[in-house]
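Input: a single structure, listed below in structure tokens.
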Amino acid sequence: MRAWLQGAAALLLVAPGFAQSVPPERPRNRPPSMLTGRAQWEKGADLLKQMKVPPAPPLSPEEALKTFRLAPGFRLELVAAEPMVQNPISFEFDPDGRIWVVEYQGYMRDIKGTGEADPICRVVVLEDTDRDGRADKSTVFLDGLVMPRSLSFVKGGVLIQEPPKIWFCEDTNGDLRCDKRTEVGKLGVTGNPQHTGNGLRYGLDNWLHNADATSRHRWVDGKLIEEPMPRSGQFGVSFDETGRFLTSHESSALHADLIPGHYLVRNRHLAAIAVRGGRGFAGIDTNIARDAQQVFPIRVTPGITLGAMELRDDGRLRTYTIVAGTCFYDADQFGEEARGQVFVPESGGNLVGRLKVDWGLRPKAERFYPAEEEFLASTDERFRPVNARVGPDGALYLADLYRGIIEHVIFMVPWISDQVRDRKLDVGQNQGRIYRIVREDRPLDRQPPALSRASTAELVRHLGHGTGWWRLTAQRLLVERRDPAAVPLLAPLARRGEPPLARLHALWTLEGVGALAADLKLAALDDPDERVRAAAFRLCETGLDTADQTALIARLGRAAGDPSERVRLQATLTASALASPAALPALARVARSGTDALFPAAALTGLQNRELDFLRLLLAESRARPTAGPAEADLMALTVHCVLEAKDAARGSGLFDAVATAAPGGWQRTALLDAIAAYATSSRRSKQPIALAREPAVLISLARGQDAALRQQAYRLLDHFTWPGATVVTGADAETLTPAQAKRIEAGREAYGQFCAACHQPNGAGAANLAPPLAGSDWVSGPPERLVRVVLHGLYGPVKVNDQVWNLAMPGLGATGVLDDEKIAAVLSYIRRAWGNTASLVEPALVATIRRETASRTLPWTADELGAVTGTTATTPRRAAIVPEASGEIVLPARSATVYAQKLGYRPALDVLAPWTVADDVAEWRVQVAAGGRYAVHVTLAADDESAGDFYVVETEGSRARGEVRSTVDYDHFREQPAGVLTLRAGVNRIILRPDGPLKRELADVRGVRLVPVRAP
């Protein structure tokens, strides 16, 4: 009996009876209302009613082959199918051409995602013993795994990732079965299979690289070495021919690290700025396929979480949405036209896309085919391509997870779960296929490569092979063998080998075996091929003596004239990596040679704690230039940001000293001030000001100067800094402050930082959809009586600030005792004088008077009410008041509420108010009753166990009822819950529903409130 029968049959017999467990680390299922705020699955549900959705039963491999439409000139071949392979998620070719497959049996076995913690997954080895192109033997190398993700071949065995563990697995007797496994490292997390590290792919630089992870690895002398890396990508790792890291995100077909990630982490200041900058900052995780997002399935694709946001009117997927395992094509079987192109598995659209890429400094991808054409597409909804590899034969191989459910339960929405139930998409979960795509008019060599038995000389010759798999596999084997006989063969290949990629691999192979001579590296700096020159600069960063490093620095200075941008960028990275101060002038020169934003980032990668020295050099060298070079201002700006990010008082003061040395009105001073302002804006959520060693005299001078624009900028900047003896800086045109007033403003500054800065920002600039600006605000400069009332009791509803409408809710602070009269006067005085504001100060006596006048108030203010009090005008349209029903009950449905919120809204498809994740969000109804009375309050809501225990209040002026959220198990089941008694007055009453206290997760999904008259006994 064939080896695969026993393992597969055992799995099929055991799996159904397994205890279906859920990993305890799994995040809670996202309530549909949370996804509603950023998706249009609700509209998709309406679209589904108009679609003609064909059935999607499990098909046999032979039936499935009939469902494909493949680009002309290519042929699709089945390599393996169930039960020989099941649920393939990742695969690799070993040196002898066998396919090692990571299986994912635990993924979404049912709509609840049960079974993910069960040890039912495997790694199997597929072999084609009769060389007919189809695997005929499957050996279970290792089973009993829980949701493994990836594997890699290393000396002595195989690394297998079973998040969070990395196992070193050994086959000691040659039967392709693991006899011994040892935990050697960590990669990924458990619980969320869509967002965990994966990869372990061997790169040109002899490191193992990962996606969605913050580390890279290297196998050295039987140990796994780990180094930090910036996070990049989501699922899948590929490389271009020069080793540039390529990956994808679920909704983005192709991302690239335009600067090798290990450079970025050398400077923690730059790395922190890059995190705030998001994907693509400093070249890391850059989307290079923004103009290639459209896809054209050949069937409707209803199983898409975001629904109508990503579907065309005919029900087909419009853009990439479930991308995984993107593959760079580096082989000759498809012909030279295909070399350098990228193939994109899209399991949501049941297709594989094809991109052509301009591989410049900043690559740009485009669709290869016109609209309505794809490289490969299927009418079978269960075709789920999740990974692609170029095989030793140059063909493209695909892993087909083959299943009805592809979305994970954490992100499941009703319109998908209903389809799973109605169309039985949860059956047939133990299938899976491996396919091969071949160009028909070109030969395909089915002979196994047998590299494990190749001689050292043969492996060296393969470094120039036309297919990247051969080059990289030969390099890895040579590095692992460390055969001294390889060095005399590799050195001449590195100098004169053809094609140029042979020289490139020879250099990296010598680096891997620790035998790359300095003279060889330095000679390669003048190689005619830009790819080799760039690699040579990188390889020169280590292993040079003092004389050789001096020669390198001289060569770096000349690199500014290199015709290749990629070489100049790498020269910038290398110059930044050198610790010698003598390298700084060369760094400045080569960094200014490029206009792309990558150059400033590259220049800062190696300058941690040396940024101020570099800035002084840049300023000194720029004094003779009346205008900035193409990227010079950007280079200075990023340098300034890194200085400030260090949060070092002495360096911060040194920065302002540098500003003072720049000529007033010159481009250098403008660039520096703008850079400081930009940094302050990007880091504005920090409540603590940046400490300086001494007073920034240049800023204070500008704040008291005659230039209005500079004065306003200086005021805003000053609020981000503090220094020994710092006081609030007021303008020269402001009235003289008494010592008591100055003390009050200082106290107000402290209170503002504690209670207000998180929303209104330390510089008073406000934040979109969070809080309006206070700097230059007509509300701040207006009647102080209005501001006092807002601080005491809060404010909700539409408010116009400087002609912009804000529809939010601000909680009251003063009425609860958090701020007394003195503190309220202090904080209001501060904001009326900070950031260039020049309004009058607020006295504690005024606060005390208004507190007494409003002592009976319980509701927050509205703009209309404040307008009536202070004589300002504000008119807000109001919904018609709700009146009692014939029974006397008052029904307040979710759809009739007016919402004042950051995130809360009415969700028609669910008929709820949600997501209620911000404690300050409120919903309001207006109720009119003929006579006052008491009403029992009942709230209809849905909440899971993790939200249970939150509190809410239903209140009107002078009365409030408080309720506790009780679990209804999940967000699909609603129950009415009591919340106390509320007293209404005759006439129109405002009824407000809001959270009471901080929220654990979200309050609940609220369907409505019911008020029942309390009858007298």
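Naming works like this for the structure tokens: A, B, ... for the chains as they're shown, residue 1 at the start of each chain, ligands 1 onward in shown order.
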Contact residues around Pro449 of chain A with only C-alpha atoms at 12 Å, ignoring same-chain residues under 2 positions, as a list in words: Phe93, Asp94, Pro95, Asp96, Gly97, Arg98, Arg131, Gly391, Pro392, Asp393, Gly394, Asp445, Arg446, Gln447, Leu451, Ser452, Arg453, Ala454, Glu458, Leu459, His462, Trp469, Trp470, Thr473 and Ala474 of chain A
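The protein and nucleic acid residues lying at most 12 Å from Trp806 of chain A are Gly766, Ala767, Ala768, Asn769, Leu770, Ala771, Pro772, Pro773, Leu795, Tyr796, Gly797, Pro798, Val799, Lys800, Val801, Asn802, Asp803, Gln804, Leu808, Ala809, Met810, Ala863, Tyr900, Ala901 and Gln902 of chain A, with only C-alpha atoms considered and sequence neighbours fewer than 2 positions away removed.
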Given only C-alpha atoms as the counted atoms, nearest of A:Val953, A:Leu638, A:Leu573, A:Leu615 to Gly654 of chain A: A:Leu615
DSSP alpha helix (DSSP H) residues within segment 213-280 of chain A, as JSON, numbers by chain: {"A": [261, 262, 263, 264, 268, 269, 270, 271, 272, 273, 274, 275, 276, 277]}
With N, CA and C atoms retained, export the selected residues as a compact mmCIF listing (two decimals), in the first residue's frame.
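Generated output (out13.txt):
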```
# COMPACT_ATOMS: atom_id res chain seq x y z
N GLY A 261 14.89 45.93 5.35
CA GLY A 261 14.32 46.27 6.65
C GLY A 261 15.31 46.34 7.79
N HIS A 262 16.39 45.56 7.72
CA HIS A 262 17.32 45.57 8.85
C HIS A 262 18.01 46.92 9.04
N TYR A 263 18.07 47.71 7.96
CA TYR A 263 18.67 49.05 8.10
C TYR A 263 17.81 49.94 9.00
N LEU A 264 16.51 49.84 8.83
CA LEU A 264 15.63 50.76 9.54
C LEU A 264 15.72 50.58 11.05
N ARG A 268 16.53 53.59 16.24
CA ARG A 268 15.21 53.47 16.86
C ARG A 268 14.40 54.75 16.72
N HIS A 269 15.08 55.89 16.57
CA HIS A 269 14.34 57.14 16.37
C HIS A 269 13.63 57.12 15.03
N LEU A 270 14.35 56.74 13.98
CA LEU A 270 13.75 56.66 12.66
C LEU A 270 12.68 55.58 12.62
N ALA A 271 12.93 54.45 13.29
CA ALA A 271 11.96 53.36 13.29
C ALA A 271 10.65 53.79 13.93
N ALA A 272 10.73 54.57 15.03
CA ALA A 272 9.51 55.04 15.69
C ALA A 272 8.74 56.00 14.79
N ILE A 273 9.45 56.86 14.08
CA ILE A 273 8.80 57.78 13.14
C ILE A 273 8.16 56.99 12.01
N ALA A 274 8.82 55.93 11.56
CA ALA A 274 8.28 55.12 10.47
C ALA A 274 6.99 54.44 10.88
N VAL A 275 6.91 53.99 12.13
CA VAL A 275 5.68 53.35 12.60
C VAL A 275 4.52 54.33 12.52
N ARG A 276 4.75 55.56 12.94
CA ARG A 276 3.69 56.58 12.85
C ARG A 276 3.37 56.91 11.40
N GLY A 277 4.38 56.82 10.54
CA GLY A 277 4.18 57.16 9.14
C GLY A 277 3.37 56.15 8.39
```
Residue among A:Ala845, A:Val357, A:Leu578, A:Ile111 lying closest to Gln429 of chain A, counting only C-alpha atoms: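 Among the listed residues, A:Ile111 lies closest to Gln429 of chain A.
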Distance query Thr917 of chain A at most 8 Å, only C-alpha atoms, self and fewer than 5 positions along chain excluded, as an NGL selection string: :A and (903-904 or 999 or 1001-1003)
Contact residues around Ala919 of chain A with only C-alpha atoms at 8 Å, ignoring same-chain residues under 5 positions, as a list in words: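 Selected residues are Arg994, Pro995, Asp996, Gly997, Pro998 and Leu999 of chain A.
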Atomic distance atom CA of Glu337 of chain A - atom CA of Val352 of chain A, expressed in Å with one decimal: 17.8 Å
DSSP-assigned strand (DSSP E or B) among segment 132-295 of chain A, expressed as a ChimeraX atom specification: /A:137-145,150-154,157-162,165-170,180-186,198-202,208-211,215-220,223-228,238-239,245-249,252-256,286-287,294
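Considering only C-alpha atoms, the residue among A:Leu612, A:Ala675, A:Leu846, A:Ala45 positioned nearest to Ala637 of chain A is A:Ala675.
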Show me, as a tab-separated table, the residues of segment 165-231 of chain A having an atom within 8 Å of segment 243-248 of chain A, each with the closest atom pair and its distance in Å, using only C-alpha atoms.
```
residue	atom	partner	partner_atom	distance
A:Gly203	CA	A:Gly243	CA	6.0
A:Leu204	CA	A:Gly243	CA	5.0
A:Asp205	CA	A:Gly243	CA	7.1
A:Ala211	CA	A:Thr247	CA	7.0
```
